$ cat structure.txt   # compact mmCIF, C-alpha atoms
# COMPACT_ATOMS: atom_id res chain seq x y z
CA MET A 1 92.52 275.40 124.36
CA GLY A 2 89.57 273.13 123.56
CA ARG A 3 90.50 270.67 126.33
CA GLU A 4 90.72 273.49 128.89
CA LEU A 5 87.26 274.64 127.93
CA LEU A 6 85.77 271.17 128.25
CA ARG A 7 87.57 270.14 131.44
CA GLY A 8 87.08 273.11 133.73
CA PHE A 9 85.08 275.75 131.88
CA PHE A 10 88.23 277.82 131.51
CA PHE A 11 89.27 279.87 128.53
CA ASN A 12 92.56 281.80 128.37
CA GLY A 13 92.98 281.35 132.13
CA ALA A 14 89.59 282.85 133.04
CA ARG A 15 86.71 280.82 134.43
CA LEU A 16 83.63 281.06 132.22
CA PRO A 17 80.24 281.56 133.86
CA ARG A 18 78.00 278.50 133.91
CA VAL A 19 75.04 278.77 131.62
CA LYS A 20 71.76 278.03 133.39
CA LYS A 21 69.47 275.52 131.77
CA PRO A 22 66.15 276.92 130.58
CA VAL A 23 63.62 276.83 133.40
CA PHE A 24 60.37 277.30 131.50
CA ARG A 25 60.44 274.29 129.24
CA HIS A 26 57.83 271.91 130.61
CA THR A 27 54.45 273.24 129.48
CA THR A 28 52.52 275.29 126.97
CA VAL A 29 50.21 278.18 127.81
CA LEU A 30 48.46 280.14 125.05
CA CYS A 31 46.29 283.25 125.10
CA VAL A 32 44.31 284.48 122.08
CA ARG A 33 42.06 287.55 121.82
CA LYS A 34 39.60 287.68 118.91
CA ASP A 35 36.29 289.44 118.27
CA GLY A 36 35.91 290.59 121.86
CA GLN A 37 36.61 287.15 123.33
CA THR A 38 39.73 286.24 125.32
CA ALA A 39 40.71 282.57 125.58
CA LEU A 40 43.52 281.26 127.76
CA GLY A 41 44.49 277.60 127.66
CA SER A 42 47.19 275.18 128.66
CA ASP A 43 48.13 271.54 128.51
CA GLY A 44 48.12 269.42 131.67
CA GLN A 45 51.48 267.69 131.63
CA VAL A 46 53.87 267.93 134.57
CA THR A 47 57.38 266.65 133.88
CA MET A 48 60.23 266.06 136.31
CA GLY A 49 63.40 265.60 134.34
CA THR A 50 62.49 263.11 131.62
CA THR A 51 59.53 261.57 133.48
CA VAL A 52 55.89 262.58 133.16
CA VAL A 53 54.46 262.64 136.68
CA LYS A 54 50.99 264.11 136.01
CA HIS A 55 48.77 264.40 132.95
CA GLY A 56 45.95 266.67 134.10
CA ALA A 57 47.48 269.57 136.02
CA SER A 58 45.67 272.90 136.09
CA LYS A 59 47.90 275.78 134.98
CA ILE A 60 45.10 278.30 134.46
CA ARG A 61 43.36 280.27 137.22
CA ARG A 62 40.47 282.69 137.39
CA LEU A 63 41.22 285.69 139.59
CA LEU A 64 39.20 288.64 140.91
CA ALA A 65 35.87 286.79 141.02
CA GLY A 66 36.43 285.35 137.54
CA GLN A 67 37.11 288.67 135.79
CA VAL A 68 40.79 287.92 135.08
CA LEU A 69 42.45 284.82 133.65
CA ALA A 70 46.02 283.86 134.58
CA GLY A 71 48.28 281.06 133.38
CA PHE A 72 51.84 280.09 134.24
CA ALA A 73 54.90 278.25 133.04
CA GLY A 74 57.58 277.34 135.57
CA SER A 75 57.58 276.29 139.19
CA THR A 76 54.08 275.62 140.54
CA ALA A 77 54.83 276.90 144.04
CA ASP A 78 56.35 280.07 142.61
CA ALA A 79 53.39 280.58 140.28
CA ILE A 80 50.87 280.22 143.11
CA THR A 81 52.82 282.79 145.13
CA LEU A 82 52.72 285.14 142.14
CA PHE A 83 49.00 284.51 141.50
CA THR A 84 48.26 285.43 145.13
CA ARG A 85 50.36 288.59 144.90
CA PHE A 86 48.81 289.53 141.57
CA GLU A 87 45.26 289.08 142.86
CA ARG A 88 46.09 291.39 145.80
CA LYS A 89 47.39 293.97 143.32
CA LEU A 90 44.20 293.64 141.26
CA GLU A 91 42.11 294.27 144.36
CA GLU A 92 44.32 297.18 145.40
CA TYR A 93 43.98 298.84 141.97
CA ARG A 94 40.28 297.95 141.55
CA GLY A 95 40.72 295.54 138.66
CA ALA A 96 43.07 297.74 136.59
CA LEU A 97 44.97 294.90 134.90
CA GLU A 98 47.84 296.90 133.43
CA ARG A 99 48.51 298.85 136.63
CA ALA A 100 48.41 295.67 138.74
CA ALA A 101 50.75 293.92 136.27
CA VAL A 102 53.30 296.76 136.33
CA GLU A 103 53.22 296.86 140.14
CA LEU A 104 53.69 293.07 140.40
CA ALA A 105 56.54 293.12 137.86
CA THR A 106 58.24 295.90 139.82
CA ASP A 107 57.92 293.99 143.09
CA TRP A 108 59.04 290.76 141.41
CA ARG A 109 62.19 292.40 140.10
CA THR A 110 63.08 294.40 143.21
CA GLU A 111 61.94 292.44 146.28
CA LYS A 112 64.51 289.99 147.57
CA THR A 113 61.89 287.34 148.44
CA LEU A 114 60.34 287.44 144.95
CA ARG A 115 63.50 287.76 142.85
CA SER A 116 64.28 284.05 142.96
CA LEU A 117 60.80 282.96 141.79
CA GLU A 118 61.02 281.06 138.51
CA ALA A 119 57.88 281.39 136.43
CA LEU A 120 56.34 283.35 133.58
CA LEU A 121 52.76 284.59 133.83
CA VAL A 122 50.16 285.37 131.20
CA VAL A 123 47.28 287.46 132.51
CA ALA A 124 44.23 288.67 130.63
CA ASP A 125 40.88 290.36 131.03
CA GLU A 126 38.25 291.18 128.40
CA ARG A 127 40.31 294.06 126.98
CA THR A 128 44.00 293.24 127.53
CA ALA A 129 46.44 290.33 127.59
CA LEU A 130 49.91 290.65 129.13
CA LEU A 131 53.07 288.59 129.63
CA LEU A 132 54.88 289.15 132.96
CA SER A 133 58.38 288.07 133.90
CA GLY A 134 60.71 288.38 136.87
CA THR A 135 62.98 290.73 134.95
CA GLY A 136 60.33 293.45 135.04
CA ASP A 137 58.83 292.75 131.63
CA VAL A 138 55.16 293.56 131.04
CA ILE A 139 54.49 292.83 127.38
CA SER A 140 51.27 293.32 125.45
CA PRO A 141 51.17 291.46 122.11
CA ASP A 142 50.57 293.32 118.84
CA ASP A 143 48.27 290.64 117.43
CA GLY A 144 46.45 289.36 120.52
CA VAL A 145 48.51 286.15 120.80
CA ILE A 146 50.81 285.25 123.73
CA ALA A 147 52.42 281.85 124.26
CA ILE A 148 54.87 280.66 126.91
CA GLY A 149 56.59 277.39 127.78
CA SER A 150 58.42 274.82 125.71
CA GLY A 151 55.57 274.41 123.24
CA GLY A 152 54.96 278.15 123.12
CA PRO A 153 56.59 278.82 119.74
CA CYS A 154 54.60 275.99 118.09
CA ALA A 155 51.33 277.09 119.67
CA CYS A 156 51.98 280.74 118.83
CA ALA A 157 52.70 280.00 115.16
CA ALA A 158 49.61 277.81 114.86
CA ALA A 159 47.42 280.42 116.58
CA ARG A 160 48.65 283.22 114.33
CA ALA A 161 47.96 281.16 111.21
CA LEU A 162 44.47 280.21 112.42
CA LEU A 163 43.76 283.78 113.47
CA ARG A 164 44.59 285.07 109.99
CA HIS A 165 43.19 282.28 107.85
CA SER A 166 40.14 280.84 109.61
CA SER A 167 36.82 281.85 111.11
CA LEU A 168 37.42 279.90 114.34
CA SER A 169 36.60 281.56 117.66
CA ALA A 170 39.32 282.45 120.16
CA ARG A 171 38.48 279.31 122.20
CA GLU A 172 38.71 277.08 119.11
CA ILE A 173 42.00 278.65 118.03
CA VAL A 174 43.54 278.02 121.46
CA THR A 175 42.30 274.43 121.51
CA GLU A 176 43.55 273.59 118.02
CA SER A 177 46.87 275.37 118.51
CA LEU A 178 47.54 273.51 121.76
CA LYS A 179 46.76 270.21 120.01
CA ILE A 180 49.37 271.09 117.37
CA ALA A 181 51.91 271.97 120.06
CA ALA A 182 51.16 268.67 121.85
CA ALA A 183 51.91 266.76 118.65
CA ILE A 184 55.33 268.45 118.38
CA ASP A 185 56.62 269.27 121.87
CA ILE A 186 57.46 266.34 124.17
CA TYR A 187 56.75 268.43 127.30
CA THR A 188 53.18 269.23 126.19
CA ASN A 189 50.22 266.85 126.20
CA ASP A 190 46.67 266.98 124.85
CA ALA A 191 44.89 267.23 128.23
CA ILE A 192 43.86 270.77 127.30
CA VAL A 193 42.04 273.22 129.57
CA VAL A 194 40.66 276.44 128.08
CA GLU A 195 38.97 279.33 129.94
CA THR A 196 37.30 282.27 128.22
CA LEU A 197 36.13 285.80 128.89
CA PRO A 198 33.36 286.88 128.62

$ encode --input "structure.txt" --output "structure tokens"
Amino acid sequence: MGRELLRGFFFNGARLPRVKKPVFRHTTVLCVRKDGQTALGSDGQVTMGTTVVKHGASKIRRLLAGQVLAGFAGSTADAITLFTRFERKLEEYRGALERAAVELATDWRTEKTLRSLEALLVVADERTALLLSGTGDVISPDDGVIAIGSGGPCACAAARALLRHSSLSAREIVTESLKIAAAIDIYTNDAIVVETLP
């Protein structure tokens, strides 16, 4: 039985489905909201397989004339397509972040051309931060902290600790948390970019 499983992915005569490798493992993006300030930051590392090909990539964008911050983990081309779509939705719904996010998530899940896009998005304005996925998820965090990518769990834990036990600003929490993630996660570096609102 064990040999059948290893040789051909068969078990009891049935072919087992192949498990896809995680797609969103090569970056860290972190959003923190504190005291009326929203900070969104990321590292700059781009990895292909086991090779670092770029150290200073920009994974954060300002949308809607700088009123909305957006960050991504996943395929760059797919993320840029989603940023463009999301900005159109923001314009269509006059800057209503939650409405634009729900509409993008719906399109992403249902439109054939968007369904294959492999990325996660974090979007934020001065009042709200949201995580968007291609499965139709639009998630608002309970504590104002969202993290995605391979270093996301490290950055999220660090940010929550700093949020509860320090007087650092949102920008400082994002910066320090990303430094911690960079020290732990091999797909995250310390070329950190942080944008804030207001």

$ residues_around --input "structure.txt" --residues "A:Leu162" --least-positions-apart "4" --cutoff "10 Å" --atoms "only C-alpha atoms" --output "PDB file with C-alpha atoms, keeping the file's coordinate frame"
ATOM      1  CA  CYS A 156      51.980 280.740 118.830  1.00  0.00           C
ATOM      2  CA  ALA A 157      52.700 280.000 115.160  1.00  0.00           C
ATOM      3  CA  ALA A 158      49.610 277.810 114.860  1.00  0.00           C
ATOM      4  CA  SER A 166      40.140 280.840 109.610  1.00  0.00           C
ATOM      5  CA  SER A 167      36.820 281.850 111.110  1.00  0.00           C
ATOM      6  CA  LEU A 168      37.420 279.900 114.340  1.00  0.00           C
ATOM      7  CA  SER A 169      36.600 281.560 117.660  1.00  0.00           C
ATOM      8  CA  ALA A 170      39.320 282.450 120.160  1.00  0.00           C
ATOM      9  CA  GLU A 172      38.710 277.080 119.110  1.00  0.00           C
ATOM     10  CA  ILE A 173      42.000 278.650 118.030  1.00  0.00           C
ATOM     11  CA  VAL A 174      43.540 278.020 121.460  1.00  0.00           C
ATOM     12  CA  GLU A 176      43.550 273.590 118.020  1.00  0.00           C
ATOM     13  CA  SER A 177      46.870 275.370 118.510  1.00  0.00           C
TER      14      SER A 177
END

$ residues_around --input "structure.txt" --residues "A:Ala129" --least-positions-apart "5" --cutoff "9 Å" --atoms "all atoms listed in the file" --output "short mmCIF file (atom, residue, chain, number, x, y, z; two decimals) with C-alpha atoms, in the frame of the given file"
data_model
loop_
_atom_site.label_atom_id
_atom_site.label_comp_id
_atom_site.auth_asym_id
_atom_site.auth_seq_id
_atom_site.Cartn_x
_atom_site.Cartn_y
_atom_site.Cartn_z
CA CYS A 31 46.29 283.25 125.10
CA VAL A 32 44.31 284.48 122.08
CA ARG A 33 42.06 287.55 121.82
CA THR A 38 39.73 286.24 125.32
CA LEU A 97 44.97 294.90 134.90
CA GLU A 98 47.84 296.90 133.43
CA VAL A 122 50.16 285.37 131.20
CA VAL A 123 47.28 287.46 132.51
CA ALA A 124 44.23 288.67 130.63
CA ILE A 139 54.49 292.83 127.38
CA SER A 140 51.27 293.32 125.45
CA PRO A 141 51.17 291.46 122.11
CA GLY A 144 46.45 289.36 120.52
CA VAL A 145 48.51 286.15 120.80
CA ILE A 146 50.81 285.25 123.73
#

$ closest_residue --input "structure.txt" --among "A:Lys34, A:Thr113, A:His165, A:Gly41" --to "A:Asp143" --atoms "all atoms listed in the file"
A:Lys34

$ residues_around --input "structure.txt" --residues "A:Pro198" --least-positions-apart "3" --cutoff "10 Å" --atoms "only C-alpha atoms" --output "MDAnalysis selection string"
chainID A and resid 36:39 66:68 125:126 195

$ closest_residue --input "structure.txt" --among "A:Ala183, A:Leu197, A:Leu121, A:Ala147" --to "A:Gly74" --atoms "all atoms listed in the file"
A:Leu121

$ atom_distance --input "structure.txt" --atom1 "atom CA of A:Arg160" --atom2 "atom CA of A:Asp142"
11.2 Å

$ atom_distance --input "structure.txt" --atom1 "atom CA of A:Leu82" --atom2 "atom CA of A:Ala65"
17.0 Å

$ atom_distance --input "structure.txt" --atom1 "atom CA of A:Gln45" --atom2 "atom CA of A:Leu69"
19.5 Å

$ residues_around --input "structure.txt" --residues "A:Ile184" --least-positions-apart "4" --cutoff "8 Å" --atoms "only C-alpha atoms" --output "PyMOL selection string"
chain A and resi 151+154+180

$ residues_near_point --input "structure.txt" --point "(56.7, 276.0, 141.1)" --cutoff "12 Å" --atoms "all atoms listed in the file" --output "PyMOL selection string"
chain A and resi 23-24+26+46-48+59+72-83+116-121

$ closest_atom_pairs --input "structure.txt" --of "stretch 135-180 of chain A" --to "stretch 104-112 of chain A" --cutoff "10 Å" --atoms "all atoms listed in the file" --output "CSV"
residue,atom,partner,partner_atom,distance
A:Thr135,CA,A:Arg109,CA,5.5
A:Gly136,CA,A:Ala105,CA,4.7
A:Asp137,CA,A:Ala105,CA,6.6
A:Val138,CA,A:Ala105,CA,7.0

$ closest_residue --input "structure.txt" --among "A:Glu92, A:Asp35, A:Asp185, A:Asp190" --to "A:Ala57" --atoms "all atoms listed in the file"
A:Asp190

$ closest_residue --input "structure.txt" --among "A:Ser133, A:Thr188, A:Thr175, A:Thr128" --to "A:Asp43" --atoms "all atoms listed in the file"
A:Thr188

$ build_atoms --input "structure.txt" --residues "stretch 64-81 of chain A" --atoms "N, CA and C atoms" --output "compact mmCIF listing (two decimals), keeping the file's coordinate frame"
# COMPACT_ATOMS: atom_id res chain seq x y z
N LEU A 64 40.09 287.49 140.74
CA LEU A 64 39.20 288.64 140.91
C LEU A 64 37.76 288.28 140.55
N ALA A 65 37.25 287.26 141.22
CA ALA A 65 35.87 286.79 141.02
C ALA A 65 35.60 286.41 139.56
N GLY A 66 36.60 285.83 138.90
CA GLY A 66 36.43 285.35 137.54
C GLY A 66 36.61 286.38 136.45
N GLN A 67 36.97 287.61 136.80
CA GLN A 67 37.11 288.67 135.79
C GLN A 67 38.46 288.66 135.07
N VAL A 68 39.44 287.96 135.65
CA VAL A 68 40.79 287.92 135.08
C VAL A 68 41.24 286.48 134.97
N LEU A 69 41.87 286.15 133.85
CA LEU A 69 42.45 284.82 133.65
C LEU A 69 43.97 284.93 133.81
N ALA A 70 44.57 283.88 134.40
CA ALA A 70 46.02 283.86 134.58
C ALA A 70 46.53 282.45 134.33
N GLY A 71 47.65 282.35 133.63
CA GLY A 71 48.28 281.06 133.38
C GLY A 71 49.77 281.18 133.63
N PHE A 72 50.42 280.04 133.91
CA PHE A 72 51.84 280.09 134.24
C PHE A 72 52.63 278.98 133.57
N ALA A 73 53.92 279.26 133.41
CA ALA A 73 54.90 278.25 133.04
C ALA A 73 56.04 278.41 134.03
N GLY A 74 56.50 277.30 134.59
CA GLY A 74 57.58 277.34 135.57
C GLY A 74 57.20 276.59 136.81
N SER A 75 57.82 276.95 137.91
CA SER A 75 57.58 276.29 139.19
C SER A 75 56.16 276.55 139.69
N THR A 76 55.46 275.49 140.08
CA THR A 76 54.08 275.62 140.54
C THR A 76 54.00 276.45 141.83
N ALA A 77 54.86 276.16 142.78
CA ALA A 77 54.83 276.90 144.04
C ALA A 77 55.09 278.38 143.80
N ASP A 78 56.05 278.68 142.92
CA ASP A 78 56.35 280.07 142.61
C ASP A 78 55.18 280.74 141.91
N ALA A 79 54.53 280.03 141.00
CA ALA A 79 53.39 280.58 140.28
C ALA A 79 52.23 280.88 141.22
N ILE A 80 51.97 279.99 142.16
CA ILE A 80 50.87 280.22 143.11
C ILE A 80 51.17 281.44 143.97
N THR A 81 52.42 281.59 144.39
CA THR A 81 52.82 282.79 145.13
C THR A 81 52.56 284.04 144.30
